[in-house]
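> A single structure is presented below for examination.
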Amino acid sequence: MPAPADRIDALRARIRHHEERYYVHDDPEISDAEFDGLMRELRELEAGHPDLVTSDSPSQRVSGRPVEGFATAEHLLPMLSLDNAYDDGELSAFDERVRKGLAIDDPVRYVAELKIDGLSIAVTYDDGRFVRGVTRGDGVIGEDVSANVRAIQAIPLRLSKAPAGRLEIRGEIYFPRPAFARLNEEREASGEPLFANPRNAAAGTLRNLDPQLVARRGLRAFFYHAVAPPDVDPDPLPGSQIALLRTLATWGLPVEKHWQGCDGIAAVQAFCASWADTRRQLPFDTDGIVIKVDRREERARLGYTSKFPRWATAFKFPAQQVTTRLLRIDVQVGRTGAVTPLAVLEPVLLAGSTIQYATLHNDEEIRRKDIRPGDQVLLEKGGDVIPKIVKPILGVRPEGLPPFEMPTTCPECHSTLERPDDEVVWRCPNPSCPARLRRSLEHFAGRRAMNIDGLGQALVDKLVSLGLVHDYADLYHLTVETLADLKFDAQARRADRVAAGRTARADETSGPRVLTPRRFGEKSASALVAQIDASRRHDLWRLIFGLGIRHVGERGAQALADAFGTMAAVAAARVEQLTAVGDVGPVVAASLRRFFDAPESVALLARLEAAGLHMGRPVPESRAPGPLDGRTIVLTGTLQTLTREDATGQLLALGAKVAGSVSRKTSLVVAGEAAGSKLDKARTLGVPVVDEARLQQLLDDPTRFPVL
Ligand SMILES: [Zn+2]
């Protein structure tokens, strides 16, 4: 056995190597499970030998304690912003200034880099060891967000080739689009406000006081600049930007790989043009191209204006904008009672999709932007973001157009709306408001909660409007006879759902639908009752999440179920006991207490228990280990030779987990006909993908399946 110190060193080196393979080279050599195994071994060894723990150990990314606030810190040299260029002409003008400044006629060597739409950060390393991370701030002084920067796995705590002395490495922290979409889905599911775009989400995350939360959200970073103290001799940094980008990568820092050396401004212009559309295929948001003079010696000769370096500029992509008419402003009532305005637009094509709705957030925003129903409005879309109304076109506003009046009562139940002084959102205070009830039931039945397939919007509307369902527990008393006779259009979708969802598909927005109510029928009714019945036996966390307690997301629900084991224990837990659970902060704990202390919640839980819902930790079934133990498999698209249920059943029998969404933890994706976003995501994440024929081979003999 090697000495613990040696083993710890070896483990740290291996973990750093694999973090670099994953985050810097995007080319992992081992599975997530193997990586987790290395990390677990390191943590256990360090727990037994606390004297051997160092702050640059990969296990020490998260201190586990929320920070009190952020101190300020000064940058080694000011972090200047860049001048902008909006078209080829302005790029040519920049080039002329550069050549004039250098007094040369020959083409200048530039480097063009994608401009990541994130948050600028300066990370200081001493002899290759992480010291601190500071936001750009005003360019001279920023906020010290070290605890959060450490928690970002893409940022090394130790550089793999350590240059001696102090270095400040500058780059951009960003939210990858898939992680952003997932975050907003979770926030929507737990009734929290959505982030407007990945950049806002990155900013909000980095300024959060809880490094644990930062670690979970999957922020990434790219680096592009390094600064050494001015008096260091010899200068540790290379003499050109191209050499620097290559050097940063050899130090184990993630560098965006699409940069290009360009001789002369024409090559730069061609590079900018080539990315105008292609950039949308990248898994992160970009808002332009940064153009820098390559040679440091030439940069030094050009110097700075009072605001900008003379040797660099930022080319900004034109925003995707279009004008259309705002037909009217509806208001929608959410699960938590939040009443938000919804813009209903004349359908218009923007960035490849038909847009008919846009969120307006709140009435203050409508007032501030002076948006009135009937206006011609400028609509903008960036990345995966729900389109937003930039402004009304005042020049063509019809005379006497009245401003929007936020209703004072709920459009559904006519309760007087309330708004706490410190909030901008109006709420319907009525807990049994039909709109709130409908959205709550949809959440409860959702795939990520109780997973009751077949309980869609249209059916929920019908059940609520007929008074057949007043709360979650009523679902468990529905009978095949009652359901079979219901008449409704199963395909009907409400406007609010289309807007809250991502981009609406063309068929959902192509004008008014002809509604054709149909009888639900015995077959569908039996299937639904069976689904509802099956949900009685789901894991506890699904029920906790399904209850829709404010601020309690999927992960929080899982943590609570793991920590307390039974609903009764969660309901009885004191605030201190709740906050002792990872993923549960003071706001969540207070919200849990509010929920469980309310008499109507006590009654609801009693009714759910009486309806036979599983309220405790499941008894683990003792069974022989299967050949696919520990593997998570995702099915997507249509299978030809067997049904989804058959495939799932057979995989479960072999010990695999069958998941509904693709993540880094996914071992394998089986793609049938017309596989969609899950397949794209698998490819983005590098998860192995097989077709149906290979699935059959796997089911026939899992032990001889090379991918697993
Ligand atoms: Zn209401």
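In the structure tokens, each chain is lettered A, B, ... as it comes, each chain's residues begin at 1, and ligands are numbered from 1 in order of appearance.
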All residues within 8 Å of ligand 1 are required, counting only C-alpha atoms and all ligand atoms; please report them as a ChimeraX atom specification.

/A:333,337,409-415,428-436

> How about saving the chosen residues, all heavy atoms kept, as a compact mmCIF listing (two decimals), in the first residue's frame?


```
# COMPACT_ATOMS: atom_id res chain seq x y z
N VAL A 333 -52.67 33.47 -15.00
CA VAL A 333 -52.51 33.20 -13.57
C VAL A 333 -51.67 31.94 -13.41
O VAL A 333 -52.02 30.90 -13.95
CB VAL A 333 -53.87 33.02 -12.88
CG1 VAL A 333 -53.70 32.86 -11.38
CG2 VAL A 333 -54.77 34.20 -13.19
N GLY A 337 -50.21 31.78 -8.09
CA GLY A 337 -51.11 32.92 -8.06
C GLY A 337 -50.55 34.14 -8.75
O GLY A 337 -51.25 35.15 -8.88
N THR A 409 -58.64 42.68 -10.63
CA THR A 409 -59.18 41.42 -10.11
C THR A 409 -58.69 40.26 -10.97
O THR A 409 -58.31 40.45 -12.13
CB THR A 409 -60.72 41.42 -10.13
OG1 THR A 409 -61.14 41.65 -11.48
CG2 THR A 409 -61.29 42.50 -9.23
N CYS A 410 -58.71 39.06 -10.39
CA CYS A 410 -58.26 37.87 -11.10
C CYS A 410 -59.19 37.59 -12.27
O CYS A 410 -60.41 37.59 -12.10
CB CYS A 410 -58.26 36.68 -10.13
SG CYS A 410 -57.91 35.11 -10.93
N PRO A 411 -58.64 37.36 -13.47
CA PRO A 411 -59.51 37.09 -14.62
C PRO A 411 -60.31 35.80 -14.48
O PRO A 411 -61.29 35.60 -15.18
CB PRO A 411 -58.52 36.99 -15.79
CG PRO A 411 -57.20 36.68 -15.18
CD PRO A 411 -57.22 37.32 -13.81
N GLU A 412 -59.92 34.93 -13.56
CA GLU A 412 -60.60 33.64 -13.41
C GLU A 412 -61.62 33.65 -12.29
O GLU A 412 -62.75 33.24 -12.47
CB GLU A 412 -59.57 32.54 -13.11
CG GLU A 412 -58.66 32.26 -14.27
CD GLU A 412 -59.21 31.14 -15.16
OE1 GLU A 412 -60.15 30.44 -14.74
OE2 GLU A 412 -58.68 31.00 -16.28
N CYS A 413 -61.17 34.09 -11.09
CA CYS A 413 -62.05 33.95 -9.93
C CYS A 413 -62.51 35.31 -9.40
O CYS A 413 -63.27 35.38 -8.43
CB CYS A 413 -61.35 33.16 -8.82
SG CYS A 413 -60.03 34.09 -8.02
N HIS A 414 -62.02 36.39 -10.01
CA HIS A 414 -62.44 37.76 -9.68
C HIS A 414 -62.07 38.20 -8.27
O HIS A 414 -62.62 39.17 -7.76
CB HIS A 414 -63.94 37.95 -9.94
CG HIS A 414 -64.33 37.45 -11.31
ND1 HIS A 414 -63.87 38.03 -12.47
CD2 HIS A 414 -65.04 36.36 -11.70
CE1 HIS A 414 -64.31 37.35 -13.51
NE2 HIS A 414 -65.03 36.31 -13.07
N SER A 415 -61.13 37.48 -7.61
CA SER A 415 -60.61 37.97 -6.34
C SER A 415 -59.81 39.24 -6.61
O SER A 415 -59.22 39.39 -7.68
CB SER A 415 -59.65 36.95 -5.70
OG SER A 415 -60.27 35.70 -5.59
N CYS A 428 -53.05 36.51 -7.36
CA CYS A 428 -54.39 36.16 -6.96
C CYS A 428 -54.27 35.44 -5.63
O CYS A 428 -53.61 34.41 -5.53
CB CYS A 428 -55.05 35.24 -8.00
SG CYS A 428 -56.59 34.52 -7.38
N PRO A 429 -54.87 35.98 -4.56
CA PRO A 429 -54.67 35.41 -3.23
C PRO A 429 -55.55 34.19 -2.94
O PRO A 429 -55.39 33.55 -1.91
CB PRO A 429 -55.06 36.56 -2.31
CG PRO A 429 -56.08 37.32 -3.07
CD PRO A 429 -55.77 37.16 -4.54
N ASN A 430 -56.45 33.87 -3.85
CA ASN A 430 -57.43 32.82 -3.59
C ASN A 430 -56.81 31.44 -3.83
O ASN A 430 -56.55 31.06 -4.97
CB ASN A 430 -58.63 33.05 -4.52
CG ASN A 430 -59.64 31.92 -4.45
OD1 ASN A 430 -59.56 31.07 -3.56
ND2 ASN A 430 -60.58 31.91 -5.38
N PRO A 431 -56.58 30.64 -2.75
CA PRO A 431 -55.90 29.35 -2.95
C PRO A 431 -56.72 28.37 -3.79
O PRO A 431 -56.17 27.46 -4.39
CB PRO A 431 -55.69 28.82 -1.52
CG PRO A 431 -56.51 29.66 -0.63
CD PRO A 431 -56.89 30.91 -1.35
N SER A 432 -58.05 28.57 -3.85
CA SER A 432 -58.82 27.64 -4.69
C SER A 432 -59.22 28.27 -6.02
O SER A 432 -60.19 27.83 -6.64
CB SER A 432 -60.02 27.09 -3.92
OG SER A 432 -60.55 28.07 -3.08
N CYS A 433 -58.48 29.29 -6.45
CA CYS A 433 -58.71 29.89 -7.77
C CYS A 433 -58.58 28.81 -8.84
O CYS A 433 -57.62 28.05 -8.86
CB CYS A 433 -57.66 30.98 -8.00
SG CYS A 433 -57.64 31.60 -9.69
N PRO A 434 -59.59 28.70 -9.74
CA PRO A 434 -59.53 27.62 -10.75
C PRO A 434 -58.26 27.67 -11.61
O PRO A 434 -57.73 26.62 -11.98
CB PRO A 434 -60.77 27.85 -11.61
CG PRO A 434 -61.60 28.85 -10.91
CD PRO A 434 -60.79 29.52 -9.85
N ALA A 435 -57.78 28.87 -11.92
CA ALA A 435 -56.57 28.98 -12.75
C ALA A 435 -55.38 28.39 -12.00
O ALA A 435 -54.58 27.64 -12.56
CB ALA A 435 -56.31 30.43 -13.11
N ARG A 436 -55.25 28.77 -10.73
CA ARG A 436 -54.15 28.24 -9.93
C ARG A 436 -54.27 26.73 -9.80
O ARG A 436 -53.29 26.00 -9.88
CB ARG A 436 -54.16 28.88 -8.54
CG ARG A 436 -53.83 30.35 -8.57
CD ARG A 436 -53.80 30.94 -7.18
NE ARG A 436 -52.80 30.28 -6.34
CZ ARG A 436 -52.51 30.67 -5.10
NH1 ARG A 436 -53.13 31.70 -4.57
NH2 ARG A 436 -51.61 30.03 -4.40
```

> Which residues are close to Pro387 in chain A, i.e. within 6 Å by only C-alpha atoms, leaving aside same-chain residues fewer than 6 positions away? Reply as a list in words.

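Those residues are Ala358, Glu380 and Lys381 of chain A.
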
> Once you have the residues from the selection above, write them out as a tab-separated table (two decimals), in the first residue's frame, restricted to all heavy atoms.


```tsv
chain	number	residue	atom	x	y	z
A	358	ALA	N	-45.44	36.80	-26.49
A	358	ALA	CA	-44.20	37.22	-25.83
A	358	ALA	C	-44.53	37.53	-24.38
A	358	ALA	O	-45.62	38.02	-24.08
A	358	ALA	CB	-43.60	38.45	-26.51
A	380	GLU	N	-37.56	41.18	-30.34
A	380	GLU	CA	-36.16	40.75	-30.44
A	380	GLU	C	-36.01	39.35	-29.86
A	380	GLU	O	-36.69	38.99	-28.91
A	380	GLU	CB	-35.28	41.71	-29.65
A	380	GLU	CG	-33.79	41.42	-29.78
A	380	GLU	CD	-32.96	42.45	-29.04
A	380	GLU	OE1	-32.72	43.53	-29.60
A	380	GLU	OE2	-32.58	42.17	-27.91
A	381	LYS	N	-35.09	38.60	-30.44
A	381	LYS	CA	-34.85	37.25	-29.95
A	381	LYS	C	-33.37	36.96	-30.00
A	381	LYS	O	-32.70	37.28	-30.97
A	381	LYS	CB	-35.60	36.26	-30.84
A	381	LYS	CG	-35.57	34.85	-30.35
A	381	LYS	CD	-36.62	34.04	-31.08
A	381	LYS	CE	-36.66	32.63	-30.57
A	381	LYS	NZ	-35.97	31.71	-31.46
```

> May I have the residues within 12 Å of Gly89 in chain A as a PDB file with all heavy atoms, in the first residue's frame, using only C-alpha atoms and disregarding those fewer than 4 positions away in the same chain?


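Generated output (part-v1.pdb):
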```pdb
ATOM      1  N   ASN A  84     -16.588  49.394 -30.244  1.00  0.00           N
ATOM      2  CA  ASN A  84     -17.411  48.494 -31.048  1.00  0.00           C
ATOM      3  C   ASN A  84     -17.370  48.850 -32.527  1.00  0.00           C
ATOM      4  O   ASN A  84     -17.179  50.011 -32.878  1.00  0.00           O
ATOM      5  CB  ASN A  84     -18.868  48.563 -30.586  1.00  0.00           C
ATOM      6  CG  ASN A  84     -19.031  47.963 -29.207  1.00  0.00           C
ATOM      7  OD1 ASN A  84     -18.470  46.907 -28.921  1.00  0.00           O
ATOM      8  ND2 ASN A  84     -19.780  48.628 -28.354  1.00  0.00           N
ATOM      9  N   ALA A  85     -17.574  47.834 -33.351  1.00  0.00           N
ATOM     10  CA  ALA A  85     -17.749  48.050 -34.789  1.00  0.00           C
ATOM     11  C   ALA A  85     -19.010  47.307 -35.187  1.00  0.00           C
ATOM     12  O   ALA A  85     -19.222  46.171 -34.766  1.00  0.00           O
ATOM     13  CB  ALA A  85     -16.550  47.504 -35.560  1.00  0.00           C
ATOM     14  N   ALA A  93     -12.449  51.104 -40.908  1.00  0.00           N
ATOM     15  CA  ALA A  93     -11.979  52.322 -40.243  1.00  0.00           C
ATOM     16  C   ALA A  93     -11.042  51.963 -39.086  1.00  0.00           C
ATOM     17  O   ALA A  93     -10.016  52.630 -38.872  1.00  0.00           O
ATOM     18  CB  ALA A  93     -13.171  53.133 -39.728  1.00  0.00           C
ATOM     19  N   PHE A  94     -11.394  50.912 -38.346  1.00  0.00           N
ATOM     20  CA  PHE A  94     -10.523  50.437 -37.263  1.00  0.00           C
ATOM     21  C   PHE A  94      -9.152  50.055 -37.827  1.00  0.00           C
ATOM     22  O   PHE A  94      -8.097  50.449 -37.322  1.00  0.00           O
ATOM     23  CB  PHE A  94     -11.185  49.239 -36.568  1.00  0.00           C
ATOM     24  CG  PHE A  94     -10.258  48.407 -35.723  1.00  0.00           C
ATOM     25  CD1 PHE A  94      -9.771  48.902 -34.514  1.00  0.00           C
ATOM     26  CD2 PHE A  94      -9.868  47.133 -36.130  1.00  0.00           C
ATOM     27  CE1 PHE A  94      -8.909  48.129 -33.731  1.00  0.00           C
ATOM     28  CE2 PHE A  94      -9.013  46.366 -35.357  1.00  0.00           C
ATOM     29  CZ  PHE A  94      -8.532  46.869 -34.155  1.00  0.00           C
ATOM     30  N   ASP A  95      -9.167  49.306 -38.942  1.00  0.00           N
ATOM     31  CA  ASP A  95      -7.923  48.847 -39.574  1.00  0.00           C
ATOM     32  C   ASP A  95      -7.073  50.045 -40.016  1.00  0.00           C
ATOM     33  O   ASP A  95      -5.848  50.050 -39.838  1.00  0.00           O
ATOM     34  CB  ASP A  95      -8.270  47.956 -40.770  1.00  0.00           C
ATOM     35  CG  ASP A  95      -7.042  47.450 -41.492  1.00  0.00           C
ATOM     36  OD1 ASP A  95      -6.182  46.846 -40.822  1.00  0.00           O
ATOM     37  OD2 ASP A  95      -6.943  47.656 -42.716  1.00  0.00           O
ATOM     38  N   GLU A  96      -7.724  51.058 -40.564  1.00  0.00           N
ATOM     39  CA  GLU A  96      -6.966  52.244 -41.001  1.00  0.00           C
ATOM     40  C   GLU A  96      -6.291  52.930 -39.817  1.00  0.00           C
ATOM     41  O   GLU A  96      -5.129  53.323 -39.901  1.00  0.00           O
ATOM     42  CB  GLU A  96      -7.898  53.233 -41.711  1.00  0.00           C
ATOM     43  CG  GLU A  96      -8.012  52.950 -43.205  1.00  0.00           C
ATOM     44  CD  GLU A  96      -9.182  53.693 -43.837  1.00  0.00           C
ATOM     45  OE1 GLU A  96      -9.418  54.866 -43.454  1.00  0.00           O
ATOM     46  OE2 GLU A  96      -9.870  53.077 -44.679  1.00  0.00           O
ATOM     47  N   ILE A 265      -7.653  43.124 -42.865  1.00  0.00           N
ATOM     48  CA  ILE A 265      -9.009  43.291 -42.355  1.00  0.00           C
ATOM     49  C   ILE A 265     -10.029  42.525 -43.202  1.00  0.00           C
ATOM     50  O   ILE A 265     -11.081  42.127 -42.692  1.00  0.00           O
ATOM     51  CB  ILE A 265      -9.378  44.794 -42.247  1.00  0.00           C
ATOM     52  CG1 ILE A 265     -10.508  44.991 -41.221  1.00  0.00           C
ATOM     53  CG2 ILE A 265      -9.741  45.389 -43.598  1.00  0.00           C
ATOM     54  CD1 ILE A 265     -10.107  44.698 -39.800  1.00  0.00           C
ATOM     55  N   ALA A 266      -9.721  42.274 -44.480  1.00  0.00           N
ATOM     56  CA  ALA A 266     -10.680  41.541 -45.323  1.00  0.00           C
ATOM     57  C   ALA A 266     -10.909  40.141 -44.753  1.00  0.00           C
ATOM     58  O   ALA A 266     -12.042  39.644 -44.726  1.00  0.00           O
ATOM     59  CB  ALA A 266     -10.170  41.455 -46.759  1.00  0.00           C
ATOM     60  N   GLN A 269     -13.204  40.501 -41.858  1.00  0.00           N
ATOM     61  CA  GLN A 269     -14.595  40.718 -42.277  1.00  0.00           C
ATOM     62  C   GLN A 269     -15.230  39.400 -42.731  1.00  0.00           C
ATOM     63  O   GLN A 269     -16.388  39.116 -42.416  1.00  0.00           O
ATOM     64  CB  GLN A 269     -14.641  41.768 -43.396  1.00  0.00           C
ATOM     65  CG  GLN A 269     -14.345  43.171 -42.852  1.00  0.00           C
ATOM     66  CD  GLN A 269     -13.915  44.160 -43.923  1.00  0.00           C
ATOM     67  OE1 GLN A 269     -13.452  43.768 -44.999  1.00  0.00           O
ATOM     68  NE2 GLN A 269     -14.050  45.448 -43.620  1.00  0.00           N
ATOM     69  N   PHE A 315     -16.623  43.456 -32.890  1.00  0.00           N
ATOM     70  CA  PHE A 315     -17.644  43.492 -33.928  1.00  0.00           C
ATOM     71  C   PHE A 315     -18.922  42.917 -33.335  1.00  0.00           C
ATOM     72  O   PHE A 315     -18.916  41.816 -32.792  1.00  0.00           O
ATOM     73  CB  PHE A 315     -17.194  42.664 -35.136  1.00  0.00           C
ATOM     74  CG  PHE A 315     -18.248  42.536 -36.195  1.00  0.00           C
ATOM     75  CD1 PHE A 315     -18.471  43.569 -37.093  1.00  0.00           C
ATOM     76  CD2 PHE A 315     -19.024  41.388 -36.292  1.00  0.00           C
ATOM     77  CE1 PHE A 315     -19.448  43.468 -38.067  1.00  0.00           C
ATOM     78  CE2 PHE A 315     -20.017  41.280 -37.268  1.00  0.00           C
ATOM     79  CZ  PHE A 315     -20.226  42.313 -38.149  1.00  0.00           C
TER      80      PHE A 315
END
```

> Have a look at CA of Arg217 in chain A and CA of Thr579 in chain A and let me know their distance in Å, one decimal.

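Separation of CA of Arg217 in chain A and CA of Thr579 in chain A: 19.4 Å.
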
> As a PDB file with C-alpha atoms, in the first residue's frame, please: every residue in range 129-339 of chain A that a backbone DSSP assignment puts in helix (DSSP H, G or I).


```pdb
ATOM      1  CA  SER A 146     -13.487  33.616  -5.262  1.00  0.00           C
ATOM      2  CA  ALA A 147     -15.643  31.113  -3.375  1.00  0.00           C
ATOM      3  CA  ASN A 148     -17.996  30.899  -6.354  1.00  0.00           C
ATOM      4  CA  VAL A 149     -15.275  30.865  -9.008  1.00  0.00           C
ATOM      5  CA  ARG A 150     -13.576  27.976  -7.193  1.00  0.00           C
ATOM      6  CA  ARG A 177     -27.486  26.722 -23.318  1.00  0.00           C
ATOM      7  CA  PRO A 178     -28.518  23.160 -22.357  1.00  0.00           C
ATOM      8  CA  ALA A 179     -27.772  23.865 -18.675  1.00  0.00           C
ATOM      9  CA  PHE A 180     -29.663  27.147 -18.974  1.00  0.00           C
ATOM     10  CA  ALA A 181     -32.730  25.470 -20.467  1.00  0.00           C
ATOM     11  CA  ARG A 182     -32.684  22.921 -17.661  1.00  0.00           C
ATOM     12  CA  LEU A 183     -32.314  25.592 -14.988  1.00  0.00           C
ATOM     13  CA  ASN A 184     -35.304  27.535 -16.288  1.00  0.00           C
ATOM     14  CA  GLU A 185     -37.373  24.347 -16.546  1.00  0.00           C
ATOM     15  CA  GLU A 186     -36.605  23.650 -12.897  1.00  0.00           C
ATOM     16  CA  ARG A 187     -37.415  27.201 -11.898  1.00  0.00           C
ATOM     17  CA  GLU A 188     -40.677  27.111 -13.794  1.00  0.00           C
ATOM     18  CA  ALA A 189     -41.552  23.819 -12.124  1.00  0.00           C
ATOM     19  CA  PRO A 198     -28.061  32.700 -20.114  1.00  0.00           C
ATOM     20  CA  ARG A 199     -26.014  35.800 -19.320  1.00  0.00           C
ATOM     21  CA  ASN A 200     -28.431  36.963 -16.622  1.00  0.00           C
ATOM     22  CA  ALA A 201     -28.439  33.461 -15.206  1.00  0.00           C
ATOM     23  CA  ALA A 202     -24.629  33.411 -15.127  1.00  0.00           C
ATOM     24  CA  ALA A 203     -24.549  36.806 -13.407  1.00  0.00           C
ATOM     25  CA  GLY A 204     -27.192  35.790 -10.884  1.00  0.00           C
ATOM     26  CA  THR A 205     -25.382  32.550 -10.156  1.00  0.00           C
ATOM     27  CA  LEU A 206     -21.960  34.122  -9.740  1.00  0.00           C
ATOM     28  CA  PRO A 211     -21.092  28.205  -3.597  1.00  0.00           C
ATOM     29  CA  GLN A 212     -22.931  24.853  -3.409  1.00  0.00           C
ATOM     30  CA  LEU A 213     -25.559  26.242  -5.721  1.00  0.00           C
ATOM     31  CA  VAL A 214     -22.875  27.575  -8.062  1.00  0.00           C
ATOM     32  CA  ALA A 215     -21.242  24.143  -8.192  1.00  0.00           C
ATOM     33  CA  ARG A 216     -24.528  22.521  -9.210  1.00  0.00           C
ATOM     34  CA  ARG A 217     -25.484  24.897 -11.984  1.00  0.00           C
ATOM     35  CA  GLN A 241      -2.123  36.588 -28.993  1.00  0.00           C
ATOM     36  CA  ILE A 242      -2.017  33.375 -31.025  1.00  0.00           C
ATOM     37  CA  ALA A 243       0.866  32.061 -28.942  1.00  0.00           C
ATOM     38  CA  LEU A 244      -0.957  33.145 -25.773  1.00  0.00           C
ATOM     39  CA  LEU A 245      -4.157  31.287 -26.676  1.00  0.00           C
ATOM     40  CA  ARG A 246      -2.125  28.140 -27.312  1.00  0.00           C
ATOM     41  CA  THR A 247      -0.196  28.623 -24.078  1.00  0.00           C
ATOM     42  CA  LEU A 248      -3.349  29.108 -21.977  1.00  0.00           C
ATOM     43  CA  ALA A 249      -4.638  25.778 -23.279  1.00  0.00           C
ATOM     44  CA  THR A 250      -1.390  24.024 -22.342  1.00  0.00           C
ATOM     45  CA  ILE A 265      -9.009  43.291 -42.355  1.00  0.00           C
ATOM     46  CA  ALA A 266     -10.680  41.541 -45.323  1.00  0.00           C
ATOM     47  CA  ALA A 267      -9.979  38.180 -43.684  1.00  0.00           C
ATOM     48  CA  VAL A 268     -11.477  39.540 -40.445  1.00  0.00           C
ATOM     49  CA  GLN A 269     -14.595  40.718 -42.277  1.00  0.00           C
ATOM     50  CA  ALA A 270     -14.991  37.307 -43.905  1.00  0.00           C
ATOM     51  CA  PHE A 271     -14.619  35.633 -40.500  1.00  0.00           C
ATOM     52  CA  CYS A 272     -17.310  37.875 -38.974  1.00  0.00           C
ATOM     53  CA  ALA A 273     -19.688  37.185 -41.870  1.00  0.00           C
ATOM     54  CA  SER A 274     -19.122  33.438 -41.621  1.00  0.00           C
ATOM     55  CA  TRP A 275     -20.298  33.409 -37.979  1.00  0.00           C
ATOM     56  CA  ALA A 276     -23.397  35.594 -38.317  1.00  0.00           C
ATOM     57  CA  ASP A 277     -25.668  32.542 -38.566  1.00  0.00           C
ATOM     58  CA  THR A 278     -23.374  29.645 -37.679  1.00  0.00           C
ATOM     59  CA  ARG A 279     -22.979  30.951 -34.144  1.00  0.00           C
ATOM     60  CA  ARG A 280     -26.516  29.816 -33.323  1.00  0.00           C
ATOM     61  CA  GLN A 281     -25.370  26.207 -33.552  1.00  0.00           C
ATOM     62  CA  ARG A 296       2.275  42.457 -28.401  1.00  0.00           C
ATOM     63  CA  GLU A 297       5.048  44.701 -29.632  1.00  0.00           C
ATOM     64  CA  GLU A 298       2.584  46.371 -32.047  1.00  0.00           C
ATOM     65  CA  ARG A 299      -0.039  46.643 -29.293  1.00  0.00           C
ATOM     66  CA  ALA A 300       2.445  48.450 -27.077  1.00  0.00           C
ATOM     67  CA  ARG A 301       3.116  50.926 -29.857  1.00  0.00           C
ATOM     68  CA  LEU A 302      -0.608  51.565 -30.379  1.00  0.00           C
TER      69      LEU A 302
END
```

> Running DSSP on the backbone, which parts of range 411-577 of chain A land in strand (DSSP E or B), as a list in words?

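Strand (DSSP E or B) members of range 411-577 of chain A, listed: Thr416, Glu418, Trp426, Arg427, Lys487, Phe488, Arg518, Arg519 and Thr566 of chain A.
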
> Could you state the separation of CA of Val690 in chain A and CA of Phe35 in chain A in Å, given to one decimal place?

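These atoms are spaced 23.5 Å apart.
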
> Which is closer to Glu46 in chain A than all the others in A:Arg97, A:Arg7, A:Arg607, A:Arg14, using only C-alpha atoms?

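Checking each of A:Arg97, A:Arg7, A:Arg607, A:Arg14 against Glu46 in chain A, counting only C-alpha atoms, the winner is A:Arg7.
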
> Might you pull out every residue within 9 Å of Met406 in chain A, with only C-alpha atoms counted and same-chain residues fewer than 3 positions away left off, and present them as a count of residues only?

4

> I'd like the contact shell of Asp375 in chain A - 6 Å cut-off, only C-alpha atoms, skipping same-chain residues fewer than 4 positions apart - returned as a short mmCIF file (atom, residue, chain, number, x, y, z; two decimals) with all heavy atoms, in the first residue's frame.


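Contents of the output file part-v1.cif:
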```cif
data_model
loop_
_atom_site.label_atom_id
_atom_site.label_comp_id
_atom_site.auth_asym_id
_atom_site.auth_seq_id
_atom_site.Cartn_x
_atom_site.Cartn_y
_atom_site.Cartn_z
N ARG A 325 -47.59 43.64 -34.97
CA ARG A 325 -48.60 44.37 -34.20
C ARG A 325 -48.91 43.62 -32.90
O ARG A 325 -49.03 42.40 -32.89
CB ARG A 325 -49.87 44.56 -35.02
CG ARG A 325 -50.92 45.44 -34.32
CD ARG A 325 -52.01 45.92 -35.27
NE ARG A 325 -51.49 46.70 -36.38
CZ ARG A 325 -51.14 48.00 -36.30
NH1 ARG A 325 -51.26 48.64 -35.17
NH2 ARG A 325 -50.68 48.62 -37.35
N LEU A 326 -49.01 44.39 -31.83
CA LEU A 326 -49.44 43.83 -30.55
C LEU A 326 -50.97 43.85 -30.55
O LEU A 326 -51.58 44.92 -30.48
CB LEU A 326 -48.89 44.68 -29.40
CG LEU A 326 -49.37 44.32 -28.00
CD1 LEU A 326 -48.97 42.90 -27.61
CD2 LEU A 326 -48.82 45.31 -26.98
N ARG A 397 -47.96 55.07 -34.05
CA ARG A 397 -49.02 54.79 -33.07
C ARG A 397 -50.29 55.55 -33.46
O ARG A 397 -50.25 56.76 -33.68
CB ARG A 397 -48.56 55.23 -31.68
CG ARG A 397 -49.68 55.16 -30.64
CD ARG A 397 -49.20 55.51 -29.25
NE ARG A 397 -48.47 54.40 -28.67
CZ ARG A 397 -47.79 54.48 -27.52
NH1 ARG A 397 -47.75 55.62 -26.87
NH2 ARG A 397 -47.16 53.44 -27.06
#
```
